[in-house]
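my_file_37.csv (CSV, C-alpha atoms)
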```
chain,number,residue,atom,x,y,z
A,24,MET,CA,0.0,0.0,0.0
A,25,SER,CA,2.9,2.4,0.8
A,26,SER,CA,4.2,2.0,-2.7
A,27,GLN,CA,1.0,3.4,-4.2
A,28,GLN,CA,1.1,7.2,-4.9
A,29,PRO,CA,-2.5,8.5,-4.7
A,30,ASP,CA,-2.7,11.6,-6.8
A,31,SER,CA,-5.7,13.3,-5.3
A,32,THR,CA,-6.3,14.7,-1.8
A,33,THR,CA,-9.5,12.6,-1.5
A,34,GLU,CA,-7.6,9.4,-2.2
A,35,LEU,CA,-5.0,10.4,0.4
A,36,GLU,CA,-7.8,11.0,3.0
A,37,GLU,CA,-9.3,7.6,2.2
A,38,GLN,CA,-5.9,6.0,2.4
A,39,LEU,CA,-5.3,7.6,5.8
A,40,VAL,CA,-8.6,6.2,7.2
A,41,LEU,CA,-7.7,2.7,5.8
A,42,LEU,CA,-4.3,2.9,7.4
A,43,MET,CA,-5.8,4.0,10.7
A,44,ARG,CA,-8.1,0.9,10.6
A,45,GLY,CA,-5.2,-1.3,9.7
A,46,LEU,CA,-3.2,0.2,12.6
A,47,GLY,CA,-6.1,-0.5,14.9
A,48,THR,CA,-6.3,-4.2,13.8
A,49,ARG,CA,-2.5,-4.6,14.3
A,50,SER,CA,-2.7,-3.0,17.8
A,51,VAL,CA,-5.4,-5.4,18.8
A,52,LEU,CA,-3.4,-8.4,17.5
A,53,TYR,CA,-0.2,-7.2,19.1
A,54,GLN,CA,-1.9,-6.8,22.5
A,55,GLN,CA,-3.4,-10.3,22.2
A,56,ASN,CA,0.0,-11.7,21.6
A,57,VAL,CA,1.4,-9.8,24.5
A,58,GLY,CA,-1.2,-11.5,26.7
A,59,SER,CA,-0.5,-14.9,25.3
A,60,SER,CA,3.3,-14.4,25.7
A,61,LEU,CA,2.6,-13.5,29.4
A,62,GLY,CA,0.6,-16.7,29.7
A,63,LEU,CA,-2.6,-14.9,30.4
A,64,HIS,CA,-6.1,-16.2,29.7
A,65,ASN,CA,-7.4,-15.1,26.3
A,66,ASN,CA,-7.7,-11.3,26.0
A,67,ASP,CA,-7.3,-10.6,29.7
A,68,PHE,CA,-4.3,-8.3,29.5
A,69,MET,CA,-5.9,-6.3,26.7
A,70,SER,CA,-8.8,-5.4,28.8
A,71,VAL,CA,-6.9,-4.6,31.9
A,72,ASP,CA,-4.2,-2.5,30.3
A,73,ILE,CA,-6.5,0.5,30.3
A,74,LEU,CA,-5.6,0.9,34.0
A,75,ARG,CA,-2.2,2.0,33.0
A,76,GLU,CA,-3.7,5.1,31.4
A,77,LYS,CA,-6.8,5.7,33.5
A,78,GLY,CA,-5.3,4.7,36.9
A,79,SER,CA,-7.5,2.7,39.3
A,80,LEU,CA,-11.1,2.1,38.3
A,81,THR,CA,-14.1,0.3,39.8
A,82,ALA,CA,-15.2,-3.0,38.1
A,83,GLY,CA,-18.3,-1.1,36.8
A,84,GLU,CA,-16.2,1.6,35.2
A,85,MET,CA,-14.0,-1.0,33.6
A,86,ALA,CA,-17.0,-2.8,32.2
A,87,LYS,CA,-18.3,0.5,30.7
A,88,ILE,CA,-15.0,1.4,29.1
A,89,THR,CA,-14.0,-2.0,27.8
A,90,GLY,CA,-17.4,-3.0,26.6
A,91,LEU,CA,-17.3,-6.3,28.6
A,92,THR,CA,-20.1,-7.4,30.9
A,93,THR,CA,-19.7,-6.9,34.6
A,94,GLY,CA,-19.7,-10.7,35.0
A,95,SER,CA,-16.8,-11.0,32.5
A,96,ILE,CA,-14.9,-8.2,34.2
A,97,THR,CA,-15.3,-9.9,37.7
A,98,ALA,CA,-14.0,-13.2,36.3
A,99,LEU,CA,-11.1,-11.3,34.7
A,100,ILE,CA,-10.1,-9.5,37.9
A,101,ASP,CA,-10.2,-12.7,39.8
A,102,ARG,CA,-7.8,-14.4,37.3
A,103,LEU,CA,-5.5,-11.4,37.2
A,104,GLU,CA,-5.5,-10.9,41.0
A,105,LYS,CA,-4.4,-14.6,41.4
A,106,VAL,CA,-1.3,-13.9,39.3
A,107,GLY,CA,-0.6,-10.6,41.0
A,108,TYR,CA,-1.3,-8.3,38.0
A,109,VAL,CA,-4.0,-6.3,39.9
A,110,ARG,CA,-5.3,-6.0,43.4
A,111,ARG,CA,-8.7,-5.0,44.8
A,112,GLU,CA,-8.7,-2.1,47.3
A,113,ASN,CA,-11.2,0.1,49.1
A,114,ASP,CA,-11.4,3.5,47.3
A,115,PRO,CA,-9.8,6.0,49.7
A,116,HIS,CA,-12.3,8.6,48.5
A,117,ASP,CA,-15.4,6.5,49.0
A,118,ARG,CA,-15.0,3.5,51.3
A,119,ARG,CA,-18.2,1.8,49.8
A,120,LYS,CA,-16.4,1.4,46.5
A,121,VAL,CA,-13.8,-1.2,45.5
A,122,ILE,CA,-11.3,-0.1,43.0
A,123,ILE,CA,-8.9,-2.2,40.9
A,124,VAL,CA,-5.3,-1.2,41.2
A,125,PRO,CA,-2.8,-2.1,38.5
A,126,GLU,CA,0.3,-4.0,39.7
A,127,TYR,CA,1.7,-5.2,36.4
A,128,GLU,CA,3.6,-2.1,35.3
A,129,ASN,CA,6.5,-3.0,37.7
A,130,LYS,CA,6.6,-6.6,36.6
A,131,GLU,CA,9.8,-7.4,34.7
A,132,GLU,CA,8.1,-9.8,32.2
A,133,VAL,CA,5.7,-7.1,31.2
A,134,SER,CA,8.3,-4.4,30.5
A,135,ASP,CA,10.6,-7.0,28.8
A,136,THR,CA,7.7,-8.0,26.5
A,137,TYR,CA,7.0,-4.4,25.5
A,138,GLN,CA,10.7,-3.3,25.2
A,139,PRO,CA,11.3,-4.5,21.5
A,140,LEU,CA,8.3,-2.5,20.3
A,141,TYR,CA,9.4,0.5,22.3
A,142,GLU,CA,12.8,0.4,20.7
A,143,SER,CA,11.5,0.0,17.2
A,144,MET,CA,9.1,2.9,17.6
A,145,ILE,CA,11.8,5.2,19.0
A,146,LYS,CA,14.0,4.2,16.0
A,147,LEU,CA,11.1,5.0,13.6
A,148,ALA,CA,10.5,8.3,15.3
A,149,SER,CA,14.2,9.3,15.1
A,150,SER,CA,14.0,9.2,11.3
A,151,TYR,CA,11.8,12.4,11.3
A,152,THR,CA,12.7,16.0,11.8
A,153,LYS,CA,11.4,18.1,14.7
A,154,GLU,CA,8.8,19.7,12.5
A,155,GLU,CA,7.6,16.4,11.1
A,156,LEU,CA,7.4,14.9,14.6
A,157,THR,CA,5.3,17.9,15.7
A,158,LEU,CA,2.8,17.4,12.9
A,159,ILE,CA,2.6,13.6,13.4
A,160,THR,CA,2.2,13.8,17.2
A,161,GLN,CA,-0.5,16.4,16.8
A,162,PHE,CA,-2.3,14.1,14.3
A,163,LEU,CA,-2.0,11.1,16.6
A,164,SER,CA,-3.3,13.1,19.5
A,165,LYS,CA,-6.4,14.2,17.5
A,166,ALA,CA,-7.0,10.7,16.1
A,167,SER,CA,-6.9,9.3,19.7
A,168,ALA,CA,-9.5,11.8,20.8
A,169,VAL,CA,-11.7,10.8,17.8
A,170,ILE,CA,-11.5,7.1,18.7
A,171,GLU,CA,-12.1,7.8,22.4
A,172,GLU,CA,-15.2,9.8,21.6
A,173,GLN,CA,-16.5,7.1,19.3
A,174,THR,CA,-15.9,4.5,22.0
A,175,ARG,CA,-17.8,6.5,24.5
A,176,HIS,CA,-20.6,7.0,21.9
A,177,LEU,CA,-20.9,3.2,21.4
A,178,SER,CA,-20.9,2.6,25.2
A,179,ASP,CA,-23.5,5.3,25.9
A,180,SER,CA,-25.8,4.0,23.1
A,181,ARG,CA,-25.7,0.5,24.8
A,182,SER,CA,-26.5,2.0,28.2
A,183,LYS,CA,-29.5,3.8,26.8
A,184,THR,CA,-30.8,0.7,25.0
A,185,SER,CA,-30.4,-1.5,28.1
A,186,SER,CA,-32.0,0.9,30.5
B,10,MET,CA,-1.0,16.0,26.5
B,11,SER,CA,-1.5,17.9,23.2
B,12,SER,CA,-1.2,21.2,25.0
B,13,GLN,CA,2.4,20.4,26.2
B,14,GLN,CA,5.1,21.8,23.8
B,15,PRO,CA,8.1,19.5,24.1
B,16,ASP,CA,11.2,21.5,23.2
B,17,SER,CA,13.6,18.8,22.3
B,18,THR,CA,13.5,16.2,19.5
B,19,THR,CA,14.1,13.4,22.1
B,20,GLU,CA,11.0,14.5,24.0
B,21,LEU,CA,9.0,14.6,20.8
B,22,GLU,CA,10.1,11.1,20.0
B,23,GLU,CA,9.1,9.9,23.5
B,24,GLN,CA,5.8,11.7,23.1
B,25,LEU,CA,5.2,10.0,19.8
B,26,VAL,CA,5.8,6.5,21.2
B,27,LEU,CA,3.5,7.3,24.2
B,28,LEU,CA,0.8,8.5,21.7
B,29,MET,CA,1.1,5.3,19.6
B,30,ARG,CA,0.6,3.2,22.8
B,31,GLY,CA,-2.4,5.3,23.7
B,32,LEU,CA,-3.8,5.0,20.2
B,33,GLY,CA,-3.3,1.2,20.5
B,34,THR,CA,-5.2,1.0,23.8
B,35,ARG,CA,-8.0,3.1,22.3
B,36,SER,CA,-8.2,0.9,19.2
B,37,VAL,CA,-8.6,-2.1,21.4
B,38,LEU,CA,-11.3,-0.5,23.5
B,39,TYR,CA,-13.1,0.7,20.4
B,40,GLN,CA,-13.1,-2.7,18.8
B,41,GLN,CA,-14.3,-4.3,22.1
B,42,ASN,CA,-17.2,-1.9,22.2
B,43,VAL,CA,-18.0,-2.6,18.5
B,44,GLY,CA,-18.3,-6.3,19.5
B,45,SER,CA,-20.5,-5.5,22.4
B,46,SER,CA,-22.8,-3.2,20.4
B,47,LEU,CA,-23.2,-6.1,17.8
B,48,GLY,CA,-24.2,-8.3,20.7
B,49,LEU,CA,-21.2,-10.7,20.3
B,50,HIS,CA,-19.5,-12.7,23.0
B,51,ASN,CA,-16.6,-10.9,24.7
B,52,ASN,CA,-13.9,-10.1,22.3
B,53,ASP,CA,-15.0,-12.3,19.4
B,54,PHE,CA,-15.3,-9.6,16.8
B,55,MET,CA,-11.9,-8.3,17.6
B,56,SER,CA,-10.3,-11.6,16.9
B,57,VAL,CA,-12.2,-12.3,13.7
B,58,ASP,CA,-11.8,-8.9,12.1
B,59,ILE,CA,-8.3,-9.8,11.0
B,60,LEU,CA,-10.1,-11.8,8.2
B,61,ARG,CA,-11.2,-8.5,6.6
B,62,GLU,CA,-7.5,-7.7,5.9
B,63,LYS,CA,-6.0,-11.2,5.4
B,64,GLY,CA,-8.9,-12.8,3.6
B,65,SER,CA,-9.8,-16.4,4.5
B,66,LEU,CA,-7.5,-18.2,7.0
B,67,THR,CA,-7.4,-21.7,8.5
B,68,ALA,CA,-8.2,-22.0,12.3
B,69,GLY,CA,-4.5,-22.7,12.9
B,70,GLU,CA,-3.4,-19.6,11.1
B,71,MET,CA,-6.0,-17.5,13.0
B,72,ALA,CA,-4.7,-18.9,16.3
B,73,LYS,CA,-1.1,-18.0,15.3
B,74,ILE,CA,-2.0,-14.5,14.3
B,75,THR,CA,-4.4,-13.6,17.1
B,76,GLY,CA,-2.4,-15.2,19.9
B,77,LEU,CA,-5.4,-17.3,21.0
B,78,THR,CA,-5.3,-21.0,21.6
B,79,THR,CA,-6.7,-23.3,18.8
B,80,GLY,CA,-9.4,-24.3,21.3
B,81,SER,CA,-10.5,-20.7,21.8
B,82,ILE,CA,-10.4,-20.1,18.1
B,83,THR,CA,-12.6,-23.2,17.4
B,84,ALA,CA,-15.2,-22.0,20.0
B,85,LEU,CA,-15.1,-18.5,18.6
B,86,ILE,CA,-15.7,-19.8,15.0
B,87,ASP,CA,-18.6,-21.9,16.2
B,88,ARG,CA,-20.2,-18.9,17.9
B,89,LEU,CA,-19.7,-16.6,14.9
B,90,GLU,CA,-20.8,-19.2,12.4
B,91,LYS,CA,-24.1,-19.5,14.3
B,92,VAL,CA,-24.8,-15.8,13.9
B,93,GLY,CA,-23.7,-15.8,10.2
B,94,TYR,CA,-20.6,-13.7,10.6
B,95,VAL,CA,-18.2,-16.4,9.2
B,96,ARG,CA,-18.6,-19.7,7.4
B,97,ARG,CA,-16.3,-22.8,7.2
B,98,GLU,CA,-15.4,-23.9,3.7
B,99,ASN,CA,-13.0,-26.4,2.1
B,100,ASP,CA,-9.9,-24.6,0.8
B,101,PRO,CA,-10.2,-24.6,-3.1
B,102,HIS,CA,-6.4,-24.9,-3.3
B,103,ASP,CA,-6.1,-27.7,-0.7
B,104,ARG,CA,-9.2,-29.8,-0.1
B,105,ARG,CA,-7.8,-31.2,3.1
B,106,LYS,CA,-7.9,-27.8,4.7
B,107,VAL,CA,-10.9,-25.9,6.1
B,108,ILE,CA,-10.8,-22.1,5.8
B,109,ILE,CA,-12.8,-19.5,7.6
B,110,VAL,CA,-14.5,-17.1,5.3
B,111,PRO,CA,-15.7,-13.7,6.6
B,112,GLU,CA,-19.3,-12.9,6.0
B,113,TYR,CA,-19.7,-9.9,8.2
B,114,GLU,CA,-18.5,-7.2,5.9
B,115,ASN,CA,-21.8,-7.1,4.0
B,116,LYS,CA,-23.9,-7.0,7.2
B,117,GLU,CA,-25.6,-3.7,7.6
B,118,GLU,CA,-25.3,-3.6,11.4
B,119,VAL,CA,-21.5,-3.9,11.0
B,120,SER,CA,-21.1,-1.1,8.5
B,121,ASP,CA,-23.6,1.0,10.5
B,122,THR,CA,-21.5,0.6,13.6
B,123,TYR,CA,-18.3,1.6,11.9
B,124,GLN,CA,-19.8,4.5,9.9
B,125,PRO,CA,-19.5,7.3,12.6
B,126,LEU,CA,-15.8,6.6,13.1
B,127,TYR,CA,-15.3,6.5,9.4
B,128,GLU,CA,-16.9,9.9,9.0
B,129,SER,CA,-15.0,11.5,11.9
B,130,MET,CA,-11.7,10.2,10.5
B,131,ILE,CA,-12.4,11.6,7.1
B,132,LYS,CA,-13.3,14.9,8.7
B,133,LEU,CA,-10.0,14.9,10.6
B,134,ALA,CA,-8.0,13.9,7.5
B,135,SER,CA,-9.6,16.7,5.5
B,136,SER,CA,-8.1,19.3,7.8
B,137,TYR,CA,-4.6,18.5,6.4
B,138,THR,CA,-2.9,19.6,3.2
B,139,LYS,CA,-1.9,17.1,0.6
B,140,GLU,CA,1.8,17.3,1.7
B,141,GLU,CA,0.9,16.8,5.3
B,142,LEU,CA,-1.4,13.8,4.4
B,143,THR,CA,1.5,12.2,2.5
B,144,LEU,CA,3.8,12.5,5.5
B,145,ILE,CA,1.2,11.2,7.9
B,146,THR,CA,0.1,8.2,5.7
B,147,GLN,CA,3.7,7.2,5.2
B,148,PHE,CA,4.3,7.3,8.9
B,149,LEU,CA,1.2,5.2,9.6
B,150,SER,CA,2.2,2.7,7.0
B,151,LYS,CA,5.7,2.4,8.6
B,152,ALA,CA,4.3,2.2,12.1
B,153,SER,CA,1.9,-0.6,11.0
B,154,ALA,CA,4.8,-2.5,9.6
B,155,VAL,CA,6.7,-2.2,12.9
B,156,ILE,CA,3.7,-3.4,15.0
B,157,GLU,CA,3.1,-6.3,12.5
B,158,GLU,CA,6.7,-7.4,12.7
B,159,GLN,CA,6.7,-7.2,16.6
B,160,THR,CA,3.5,-9.3,16.7
B,161,ARG,CA,5.1,-11.9,14.4
B,162,HIS,CA,8.2,-11.9,16.7
B,163,LEU,CA,6.0,-12.5,19.8
B,164,SER,CA,4.1,-15.3,18.0
B,165,ASP,CA,7.3,-17.0,16.7
B,166,SER,CA,9.0,-16.8,20.2
B,167,ARG,CA,6.0,-18.7,21.6
B,168,SER,CA,6.1,-21.4,18.9
B,169,LYS,CA,9.8,-22.0,19.6
B,170,THR,CA,9.2,-22.2,23.4
B,171,SER,CA,6.3,-24.6,23.0
B,172,SER,CA,8.0,-27.0,20.5
```
Structure re-expressed in structure tokens:
Amino acid sequence: MSSQQPDSTTELEEQLVLLMRGLGTRSVLYQQNVGSSLGLHNNDFMSVDILREKGSLTAGEMAKITGLTTGSITALIDRLEKVGYVRRENDPHDRRKVIIVPEYENKEEVSDTYQPLYESMIKLASSYTKEELTLITQFLSKASAVIEEQTRHLSDSRSKTSS
Amino acid sequence: MSSQQPDSTTELEEQLVLLMRGLGTRSVLYQQNVGSSLGLHNNDFMSVDILREKGSLTAGEMAKITGLTTGSITALIDRLEKVGYVRRENDPHDRRKVIIVPEYENKEEVSDTYQPLYESMIKLASSYTKEELTLITQFLSKASAVIEEQTRHLSDSRSKTSS
């Protein structure tokens, strides 16, 4: 695909959207393989890795963000607590709530698994000028916001339908 | 994060890698929510959507690419065949093989679910010039290749360990 040279802006826009979708698929597959390499059950790691960004969440919040049922999330937390990847804790701001605290970031096998991707990405980034990096990071930031908004939209539509 | 203005190239490189990781997480969550909105079991849709890009695959090939066990893949295909999202077929090039053929691309509920993201991405893309789009698409293409290579690397390491 990269060897094609689209000659119109419209084609370039379509190509960008296709590439974003392809990047999404590859991210999903990469994360699934990280989970497998860590010896975790199916897609467990993929669903829990949101804690790295969002910090501690309740099981209900995790269900809403991930799109999994609360039953699936409870089973997932049980499995990950057993191997020490997360722990349950009373929310210091609201003792009636139980929050899920990530514990996997300090695990050597997790950082070791991500290290080769990190290095390859830094290598790719270093092939760009400061101006190019600024443009690309701004695009990535906006694209992330778009995907996050669309995820919220899907999650909210389901809540409305089910209530 | 987008409001920060990193002043060195190294910081920009680090920021790009962080943004790529964040984009990956968001893609995973988006796909999980697509699956939930379609009423599918857990992460089924996420694992099968690779067929859109790769075309038909055997269950063994799907297991290798997705990082799921062959048992999980078989159960997933059973569930998705029941709702008409895939069908099993004898490989025309090798009758001893059974391939999984995607059937969901023509389903209206699938295209309807993706449509809002598609429109938002086209809108984002249209805010860039032709030169900027060329730079961004080339970056996305290279980043996809990096992630694909790293996924293969994880999958191959597991095959070696288990054999």
Chain B residues near chain A within 6 Å, closest pair each, using all atoms listed in the file, as CSV:
```
residue,atom,partner,partner_atom,distance
B:Thr18,CA,A:Lys153,CA,5.6
B:Glu22,CA,A:Ala148,CA,5.5
B:Leu25,CA,A:Thr160,CA,5.5
B:Leu32,CA,A:Ser167,CA,5.3
B:Gly33,CA,A:Ser50,CA,5.0
B:Ser36,CA,A:Gly47,CA,5.0
B:Val37,CA,A:Val51,CA,5.3
B:Leu38,CA,A:Thr89,CA,5.3
B:Tyr39,CA,A:Thr174,CA,5.0
B:Gln41,CA,A:Gly90,CA,5.6
B:Asn42,CA,A:Gly90,CA,4.5
B:Ser45,CA,A:Gly90,CA,5.8
B:Thr75,CA,A:Leu52,CA,5.3
B:Gly76,CA,A:Asn56,CA,4.6
B:Ala134,CA,A:Glu36,CA,5.4
B:Lys139,CA,A:Thr32,CA,5.6
B:Thr146,CA,A:Leu39,CA,5.4
B:Ser153,CA,A:Leu46,CA,5.4
B:Thr160,CA,A:Tyr53,CA,4.9
```
Chain fit of chain A to chain B, all Cα atoms, as a tab-separated table (two decimals) with C-alpha atoms, keeping the file's coordinate frame:
```
chain	number	residue	atom	x	y	z
A	24	MET	CA	-0.97	15.99	26.45
A	25	SER	CA	-1.52	17.88	23.14
A	26	SER	CA	-1.24	21.15	24.96
A	27	GLN	CA	2.31	20.38	26.09
A	28	GLN	CA	5.06	21.77	23.76
A	29	PRO	CA	8.13	19.50	24.13
A	30	ASP	CA	11.15	21.53	23.23
A	31	SER	CA	13.60	18.83	22.32
A	32	THR	CA	13.55	16.24	19.51
A	33	THR	CA	14.05	13.43	22.08
A	34	GLU	CA	10.98	14.51	24.02
A	35	LEU	CA	8.99	14.62	20.77
A	36	GLU	CA	10.14	11.02	19.92
A	37	GLU	CA	9.13	9.85	23.39
A	38	GLN	CA	5.83	11.64	23.08
A	39	LEU	CA	5.19	9.97	19.72
A	40	VAL	CA	5.79	6.46	21.19
A	41	LEU	CA	3.43	7.30	24.15
A	42	LEU	CA	0.79	8.48	21.74
A	43	MET	CA	1.18	5.37	19.62
A	44	ARG	CA	0.60	3.23	22.78
A	45	GLY	CA	-2.35	5.33	23.73
A	46	LEU	CA	-3.74	4.94	20.19
A	47	GLY	CA	-3.28	1.21	20.48
A	48	THR	CA	-5.20	1.06	23.83
A	49	ARG	CA	-8.06	3.16	22.34
A	50	SER	CA	-8.23	0.88	19.23
A	51	VAL	CA	-8.52	-2.16	21.41
A	52	LEU	CA	-11.29	-0.55	23.52
A	53	TYR	CA	-13.13	0.72	20.48
A	54	GLN	CA	-13.12	-2.75	18.87
A	55	GLN	CA	-14.39	-4.30	22.12
A	56	ASN	CA	-17.25	-1.90	22.14
A	57	VAL	CA	-17.99	-2.61	18.55
A	58	GLY	CA	-18.35	-6.29	19.49
A	59	SER	CA	-20.52	-5.56	22.45
A	60	SER	CA	-22.74	-3.19	20.37
A	61	LEU	CA	-23.14	-6.10	17.84
A	62	GLY	CA	-24.14	-8.34	20.73
A	63	LEU	CA	-21.18	-10.59	20.29
A	64	HIS	CA	-19.57	-12.72	22.99
A	65	ASN	CA	-16.68	-10.93	24.70
A	66	ASN	CA	-13.83	-10.09	22.29
A	67	ASP	CA	-15.06	-12.31	19.48
A	68	PHE	CA	-15.34	-9.66	16.79
A	69	MET	CA	-11.90	-8.30	17.63
A	70	SER	CA	-10.28	-11.54	16.89
A	71	VAL	CA	-12.16	-12.30	13.77
A	72	ASP	CA	-11.84	-8.90	12.16
A	73	ILE	CA	-8.38	-9.79	10.92
A	74	LEU	CA	-10.12	-11.73	8.12
A	75	ARG	CA	-11.15	-8.51	6.60
A	76	GLU	CA	-7.50	-7.70	5.91
A	77	LYS	CA	-5.96	-11.14	5.47
A	78	GLY	CA	-8.91	-12.77	3.61
A	79	SER	CA	-9.79	-16.38	4.49
A	80	LEU	CA	-7.53	-18.21	6.91
A	81	THR	CA	-7.42	-21.67	8.48
A	82	ALA	CA	-8.27	-21.92	12.25
A	83	GLY	CA	-4.53	-22.65	12.87
A	84	GLU	CA	-3.42	-19.53	11.07
A	85	MET	CA	-5.93	-17.48	12.99
A	86	ALA	CA	-4.69	-18.88	16.26
A	87	LYS	CA	-1.07	-17.97	15.30
A	88	ILE	CA	-1.93	-14.43	14.31
A	89	THR	CA	-4.33	-13.57	17.09
A	90	GLY	CA	-2.38	-15.21	19.83
A	91	LEU	CA	-5.43	-17.28	20.97
A	92	THR	CA	-5.30	-21.03	21.50
A	93	THR	CA	-6.66	-23.28	18.83
A	94	GLY	CA	-9.36	-24.39	21.30
A	95	SER	CA	-10.42	-20.74	21.84
A	96	ILE	CA	-10.41	-20.07	18.11
A	97	THR	CA	-12.66	-23.19	17.43
A	98	ALA	CA	-15.15	-22.04	20.09
A	99	LEU	CA	-15.08	-18.55	18.54
A	100	ILE	CA	-15.76	-19.77	15.00
A	101	ASP	CA	-18.58	-21.88	16.20
A	102	ARG	CA	-20.26	-18.87	17.93
A	103	LEU	CA	-19.67	-16.61	14.96
A	104	GLU	CA	-20.82	-19.20	12.38
A	105	LYS	CA	-24.14	-19.55	14.35
A	106	VAL	CA	-24.82	-15.83	13.87
A	107	GLY	CA	-23.71	-15.86	10.25
A	108	TYR	CA	-20.56	-13.69	10.65
A	109	VAL	CA	-18.26	-16.42	9.17
A	110	ARG	CA	-18.60	-19.71	7.42
A	111	ARG	CA	-16.33	-22.76	7.22
A	112	GLU	CA	-15.37	-23.91	3.69
A	113	ASN	CA	-13.02	-26.39	2.05
A	114	ASP	CA	-9.92	-24.51	0.77
A	115	PRO	CA	-10.19	-24.60	-3.04
A	116	HIS	CA	-6.41	-24.86	-3.21
A	117	ASP	CA	-6.05	-27.74	-0.80
A	118	ARG	CA	-9.21	-29.76	-0.16
A	119	ARG	CA	-7.73	-31.20	3.17
A	120	LYS	CA	-7.85	-27.74	4.68
A	121	VAL	CA	-10.84	-25.85	6.10
A	122	ILE	CA	-10.71	-22.16	5.80
A	123	ILE	CA	-12.81	-19.52	7.58
A	124	VAL	CA	-14.53	-17.11	5.29
A	125	PRO	CA	-15.66	-13.71	6.53
A	126	GLU	CA	-19.36	-12.90	5.97
A	127	TYR	CA	-19.76	-9.88	8.20
A	128	GLU	CA	-18.46	-7.15	5.90
A	129	ASN	CA	-21.83	-7.11	4.00
A	130	LYS	CA	-23.87	-7.05	7.17
A	131	GLU	CA	-25.69	-3.73	7.59
A	132	GLU	CA	-25.24	-3.61	11.43
A	133	VAL	CA	-21.53	-3.92	11.03
A	134	SER	CA	-21.09	-1.09	8.50
A	135	ASP	CA	-23.62	1.09	10.45
A	136	THR	CA	-21.55	0.57	13.64
A	137	TYR	CA	-18.31	1.59	11.93
A	138	GLN	CA	-19.80	4.52	9.88
A	139	PRO	CA	-19.53	7.29	12.66
A	140	LEU	CA	-15.83	6.57	13.11
A	141	TYR	CA	-15.30	6.53	9.38
A	142	GLU	CA	-16.89	9.92	9.06
A	143	SER	CA	-14.97	11.46	11.90
A	144	MET	CA	-11.67	10.19	10.54
A	145	ILE	CA	-12.38	11.50	7.03
A	146	LYS	CA	-13.27	14.89	8.64
A	147	LEU	CA	-9.96	14.83	10.60
A	148	ALA	CA	-8.04	13.94	7.50
A	149	SER	CA	-9.63	16.77	5.46
A	150	SER	CA	-8.09	19.32	7.83
A	151	TYR	CA	-4.56	18.54	6.41
A	152	THR	CA	-2.91	19.56	3.21
A	153	LYS	CA	-1.82	17.09	0.53
A	154	GLU	CA	1.75	17.26	1.69
A	155	GLU	CA	0.85	16.74	5.33
A	156	LEU	CA	-1.39	13.79	4.43
A	157	THR	CA	1.51	12.25	2.47
A	158	LEU	CA	3.85	12.46	5.44
A	159	ILE	CA	1.24	11.15	7.93
A	160	THR	CA	0.14	8.22	5.72
A	161	GLN	CA	3.74	7.27	5.16
A	162	PHE	CA	4.32	7.34	8.96
A	163	LEU	CA	1.23	5.26	9.63
A	164	SER	CA	2.25	2.76	7.02
A	165	LYS	CA	5.73	2.34	8.62
A	166	ALA	CA	4.31	2.18	12.16
A	167	SER	CA	1.91	-0.62	11.02
A	168	ALA	CA	4.79	-2.60	9.61
A	169	VAL	CA	6.69	-2.15	12.94
A	170	ILE	CA	3.73	-3.46	14.96
A	171	GLU	CA	3.14	-6.34	12.54
A	172	GLU	CA	6.75	-7.41	12.80
A	173	GLN	CA	6.66	-7.23	16.57
A	174	THR	CA	3.49	-9.31	16.60
A	175	ARG	CA	5.05	-11.93	14.46
A	176	HIS	CA	8.17	-11.84	16.72
A	177	LEU	CA	6.01	-12.51	19.83
A	178	SER	CA	4.13	-15.34	18.04
A	179	ASP	CA	7.30	-17.00	16.73
A	180	SER	CA	8.98	-16.82	20.19
A	181	ARG	CA	5.91	-18.73	21.64
A	182	SER	CA	6.09	-21.35	18.90
A	183	LYS	CA	9.74	-21.97	19.61
A	184	THR	CA	9.19	-22.24	23.38
A	185	SER	CA	6.25	-24.65	22.97
A	186	SER	CA	7.93	-26.91	20.49
```
| Just how far from CA of Val92 in chain B is CA of Leu66 in chain B, in Å to one decimal? |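 Atom-to-atom, CA of Leu66 in chain B to CA of Val92 in chain B, that is 18.8 Å.
Coordinates place CA of Thr81 in chain A at a distance of 12.2 Å from CA of Pro115 in chain A.
When CA of Thr97 in chain A is paired with CA of Glu131 in chain A, their separation reads 25.4 Å.
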| field | Near-Lys120 in chain A list (12 Å; only C-alpha atoms; drop same-chain fewer than 5 positions) as a ChimeraX atom specification | value | /A:79-84,111-115
